[in-house]
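Asks: Mind looking over this structure? Questions follow.
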Amino acid sequence: MVENELWPNRLALLAGRGTPVLAVGARASERSAARWRLLPRLVRQVLQTIRFLSAQDEASAARFLAAGLPRAALGPVLDLKALAGGAEMAELPADLAGAFDRGATLLAASTHDGEEALVLAAFARQYPQGHWKRLILAPRHPRRAASVGRQIAAAGLAHRCRSAGQTPDDAPVYLADTLGEMDLWYRLAALTFVGGSLVARGGHTPHEPARYASAILHGPHVDNFAETYRALDAAGGAGVVADAETLGAALADLGEAEARVAMTERARVVLDAPERVPLDRLLAALDDALGLQSRETRA
């Protein structure tokens with residue numbers, strides 16, 4: 001199972017058939033751990049059916065052990081999203097290639113309800129200053145596009161919609177209400193606010209904007225990638241904001257290219273650290289869990 005939920009009935013059926021279960025990229029939030037404590041016996045039985053588990057972060061690993069995962073089943077900690085390579089750079093779509101000044105474009109990526117209004121308020125304050133000429137607003141769920149569009153209008157900003165095949169023209173906000181194009185928006189924006197972090201959604205990955213050298217801002221709710229953001233923040237590879245006011249201040253601070261480039265370089269140093277992606281150790285541990293000959297011996 002890769003980054004999948006642990007379904008008790010599924011695991012019980014697999015255990016009954018003698019099928020080994022290996023979980024990679026497993027995460028246990030504090031909220032999940034609190035729920036588990038309400039059913040300790042069931043959770044322990046479920047976790048004891050797992051032969052091997054590689055947690056996404058150290059905190060998750062500790063929570064799995066506390067809930068009943070056998071220590072012998074715990075493998076190396078590995079954040080799978082740190083391993084994903086960037087796709088080969090295709091040419092930008094012709095309708096967008098010349099429509100964005102990357103150095104003056106802000107992306108709000110994977111935003112959730114309650115965040116768009118804050119982002120729009122911060123952008124509206126900075127827009128007249130001239131550093132930030134366009135906001136790409138990409139909600140996590142495109143089905144919310146109509147609601148987000150109303151919020152853009154309420155902020156007094158004109159916008160165009162990607163789903164309608166529109167180009168930005170002179171509108172300061174481009175509503176990226178489509179699926180599967182987030183890499184495109186990272187390429188077009190020099191600065192990314194990572195959503196799901198101003199509201200209690202746990203935050204989304206910083207690896208993707210960093211891969212495209214887009215500087216990173218995020219809110220305080222980053223439990224899904226807590227250790228990664230902690231390392232980024234400590235190194236100055238990302239910035240933390242709490243509301244529209246602090247986001248606006250961060251936009252002002254990062255209006256100059258030098259500040260953004262320095263942030264992206266620090267982020268790359270943190271995220272490229274070899275100890276953060278022990279892939280060889282994980283593969284060897286998987287071999288051991290399955291009783292396979294080591295990869296070195298097979299080679």
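For the structure tokens, the naming scheme is as follows: chains receive sequential letters (A, B, ...) according to their order of presentation, residues are indexed from 1 within each chain, and ligands are indexed from 1 in presentation order.
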Write out as a JSON list (two decimals) with N, CA and C atoms, in the first residue's frame the residues lying within 10 Å of A:Leu96, counting only C-alpha atoms and excluding same-chain residues fewer than 6 positions away.

Replies:
```
[["chain", "number", "residue", "atom", "x", "y", "z"],
["A", 166, "GLN", "N", -10.07, 30.90, -21.48],
["A", 166, "GLN", "CA", -9.72, 32.31, -21.55],
["A", 166, "GLN", "C", -8.25, 32.53, -21.26],
["A", 167, "THR", "N", -7.67, 33.56, -21.84],
["A", 167, "THR", "CA", -6.32, 34.00, -21.51],
["A", 167, "THR", "C", -6.43, 35.12, -20.48],
["A", 168, "PRO", "N", -5.34, 35.40, -19.77],
["A", 168, "PRO", "CA", -5.44, 36.41, -18.70],
["A", 168, "PRO", "C", -5.82, 37.80, -19.18],
["A", 169, "ASP", "N", -5.40, 38.15, -20.39],
["A", 169, "ASP", "CA", -5.63, 39.51, -20.89],
["A", 169, "ASP", "C", -5.11, 40.52, -19.87],
["A", 184, "LEU", "N", 2.21, 23.37, -14.49],
["A", 184, "LEU", "CA", 2.21, 24.53, -15.38],
["A", 184, "LEU", "C", 2.19, 25.82, -14.58],
["A", 188, "LEU", "N", 4.96, 29.13, -14.08],
["A", 188, "LEU", "CA", 4.61, 30.50, -14.45],
["A", 188, "LEU", "C", 4.68, 31.48, -13.28]]
```

Asks: Skip A:Ala61 itself and residues of its chain fewer than 4 positions away, then list as a PyMOL selection string all residues within 12 Å of it, counting only C-alpha atoms.

Replies: chain A and resi 23-30+33+52-57+65-71+73-79

Asks: Tell me, as an MDAnalysis selection string, which residues lie within 9 Å of stretch 204-215 of chain A, counting only C-alpha atoms; anything in the same chain fewer than 5 positions away does not count.

Replies: chainID A and resid 81:82 84:86 109:110 182:183 186:197 222 224:225 228:229 237:239 254 260:265 267:268 271

Asks: Distance atom CA of A:Leu80-atom CA of A:Gly16, one decimal place?

Replies: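 Separating atom CA of A:Leu80 from atom CA of A:Gly16 is a distance of 29.3 Å.
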
Asks: Let me make sure I understand: among A:Ile152, A:Leu279, A:Leu157, A:Val21, which one has the smallest atom-to-atom distance to A:Val2 if we use only C-alpha atoms?

Replies: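 Of A:Ile152, A:Leu279, A:Leu157, A:Val21, the one nearest A:Val2 is A:Val21, counting only C-alpha atoms.
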
Asks: List the neighbours of A:Thr49 out to 9 Å using only C-alpha atoms; skip same-chain residues closer than 5 positions along the sequence, and give me the result as number ranges by chain.

Replies: A: 11-12, 14-15, 20-21, 44, 69

Asks: Give me every helix (DSSP H, G or I) residue in stretch 63-243 of chain A, going by DSSP on the backbone, as a PDB file with C-alpha atoms, in the first residue's frame.

Replies:
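Saved to selection_22.pdb:
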```
ATOM      1  CA  ARG A  63       2.437   7.284  16.524  1.00  0.00           C
ATOM      2  CA  PHE A  64       2.253   3.944  14.723  1.00  0.00           C
ATOM      3  CA  LEU A  65       4.500   2.352  17.351  1.00  0.00           C
ATOM      4  CA  ALA A  66       2.488   3.857  20.196  1.00  0.00           C
ATOM      5  CA  ALA A  67      -0.722   2.484  18.665  1.00  0.00           C
ATOM      6  CA  ARG A  71       8.814  -2.393  16.244  1.00  0.00           C
ATOM      7  CA  ALA A  72      10.224  -5.127  14.006  1.00  0.00           C
ATOM      8  CA  ALA A  73       7.763  -4.063  11.295  1.00  0.00           C
ATOM      9  CA  LEU A  80       7.889   9.665  -1.124  1.00  0.00           C
ATOM     10  CA  LYS A  81       7.104  13.098  -2.498  1.00  0.00           C
ATOM     11  CA  ALA A  82      10.757  13.993  -2.021  1.00  0.00           C
ATOM     12  CA  ALA A  94       0.902  29.003 -26.825  1.00  0.00           C
ATOM     13  CA  ASP A  95      -2.016  30.863 -25.248  1.00  0.00           C
ATOM     14  CA  LEU A  96      -0.102  31.302 -21.988  1.00  0.00           C
ATOM     15  CA  ALA A  97       3.549  31.515 -23.027  1.00  0.00           C
ATOM     16  CA  ARG A 102       6.926  35.118 -14.030  1.00  0.00           C
ATOM     17  CA  GLY A 103       8.800  37.481 -11.747  1.00  0.00           C
ATOM     18  CA  ALA A 104       5.589  39.395 -11.053  1.00  0.00           C
ATOM     19  CA  GLU A 116      -9.026  32.421  -0.977  1.00  0.00           C
ATOM     20  CA  ALA A 117     -10.467  35.512   0.721  1.00  0.00           C
ATOM     21  CA  LEU A 118      -7.256  35.988   2.703  1.00  0.00           C
ATOM     22  CA  VAL A 119      -5.045  35.550  -0.351  1.00  0.00           C
ATOM     23  CA  LEU A 120      -7.179  37.936  -2.386  1.00  0.00           C
ATOM     24  CA  ALA A 121      -7.101  40.570   0.359  1.00  0.00           C
ATOM     25  CA  ALA A 122      -3.307  40.382   0.578  1.00  0.00           C
ATOM     26  CA  PHE A 123      -2.878  40.483  -3.199  1.00  0.00           C
ATOM     27  CA  ALA A 124      -5.323  43.388  -3.585  1.00  0.00           C
ATOM     28  CA  ARG A 125      -3.231  45.444  -1.163  1.00  0.00           C
ATOM     29  CA  GLN A 126       0.031  44.697  -2.966  1.00  0.00           C
ATOM     30  CA  TYR A 127      -1.229  44.892  -6.542  1.00  0.00           C
ATOM     31  CA  PRO A 128      -1.121  48.722  -6.748  1.00  0.00           C
ATOM     32  CA  GLN A 129       2.525  48.682  -5.631  1.00  0.00           C
ATOM     33  CA  PRO A 142     -12.127  23.017  -9.151  1.00  0.00           C
ATOM     34  CA  ARG A 143     -15.806  22.388  -8.463  1.00  0.00           C
ATOM     35  CA  ARG A 144     -15.585  25.373  -6.097  1.00  0.00           C
ATOM     36  CA  ALA A 145     -14.766  27.670  -9.035  1.00  0.00           C
ATOM     37  CA  ALA A 146     -18.089  29.526  -8.984  1.00  0.00           C
ATOM     38  CA  SER A 147     -17.742  30.320  -5.286  1.00  0.00           C
ATOM     39  CA  VAL A 148     -14.130  31.390  -5.724  1.00  0.00           C
ATOM     40  CA  GLY A 149     -15.128  33.571  -8.668  1.00  0.00           C
ATOM     41  CA  ARG A 150     -17.627  35.397  -6.477  1.00  0.00           C
ATOM     42  CA  GLN A 151     -14.914  36.003  -3.888  1.00  0.00           C
ATOM     43  CA  ILE A 152     -12.630  37.450  -6.550  1.00  0.00           C
ATOM     44  CA  ALA A 153     -15.386  39.859  -7.609  1.00  0.00           C
ATOM     45  CA  ALA A 154     -16.048  40.777  -3.966  1.00  0.00           C
ATOM     46  CA  MET A 182      -0.464  22.462 -11.364  1.00  0.00           C
ATOM     47  CA  ASP A 183       3.058  21.961 -12.734  1.00  0.00           C
ATOM     48  CA  LEU A 184       2.212  24.530 -15.379  1.00  0.00           C
ATOM     49  CA  TRP A 185       1.265  27.106 -12.754  1.00  0.00           C
ATOM     50  CA  TYR A 186       4.465  26.505 -10.758  1.00  0.00           C
ATOM     51  CA  ARG A 187       6.438  27.222 -13.925  1.00  0.00           C
ATOM     52  CA  LEU A 188       4.607  30.498 -14.446  1.00  0.00           C
ATOM     53  CA  HIS A 207       8.489  19.722  -2.996  1.00  0.00           C
ATOM     54  CA  GLU A 208       6.546  20.635  -6.119  1.00  0.00           C
ATOM     55  CA  PRO A 209       6.978  24.428  -6.020  1.00  0.00           C
ATOM     56  CA  ALA A 210      10.611  23.966  -4.964  1.00  0.00           C
ATOM     57  CA  ARG A 211      11.202  21.672  -7.944  1.00  0.00           C
ATOM     58  CA  ASP A 223       0.932  18.730   9.905  1.00  0.00           C
ATOM     59  CA  ASN A 224       1.041  16.633   6.727  1.00  0.00           C
ATOM     60  CA  PHE A 225       4.640  17.734   6.097  1.00  0.00           C
ATOM     61  CA  ALA A 226       5.582  19.077   9.515  1.00  0.00           C
ATOM     62  CA  GLU A 227       9.227  17.998   9.587  1.00  0.00           C
ATOM     63  CA  THR A 228       9.900  19.179   6.043  1.00  0.00           C
ATOM     64  CA  TYR A 229       8.404  22.611   6.640  1.00  0.00           C
ATOM     65  CA  ARG A 230      10.194  22.869   9.980  1.00  0.00           C
ATOM     66  CA  ALA A 231      13.519  22.299   8.226  1.00  0.00           C
ATOM     67  CA  LEU A 232      12.641  24.735   5.444  1.00  0.00           C
ATOM     68  CA  ASP A 233      11.560  27.455   7.854  1.00  0.00           C
ATOM     69  CA  ALA A 234      14.667  27.046   9.999  1.00  0.00           C
ATOM     70  CA  ALA A 235      16.900  27.428   6.944  1.00  0.00           C
TER      71      ALA A 235
END
```
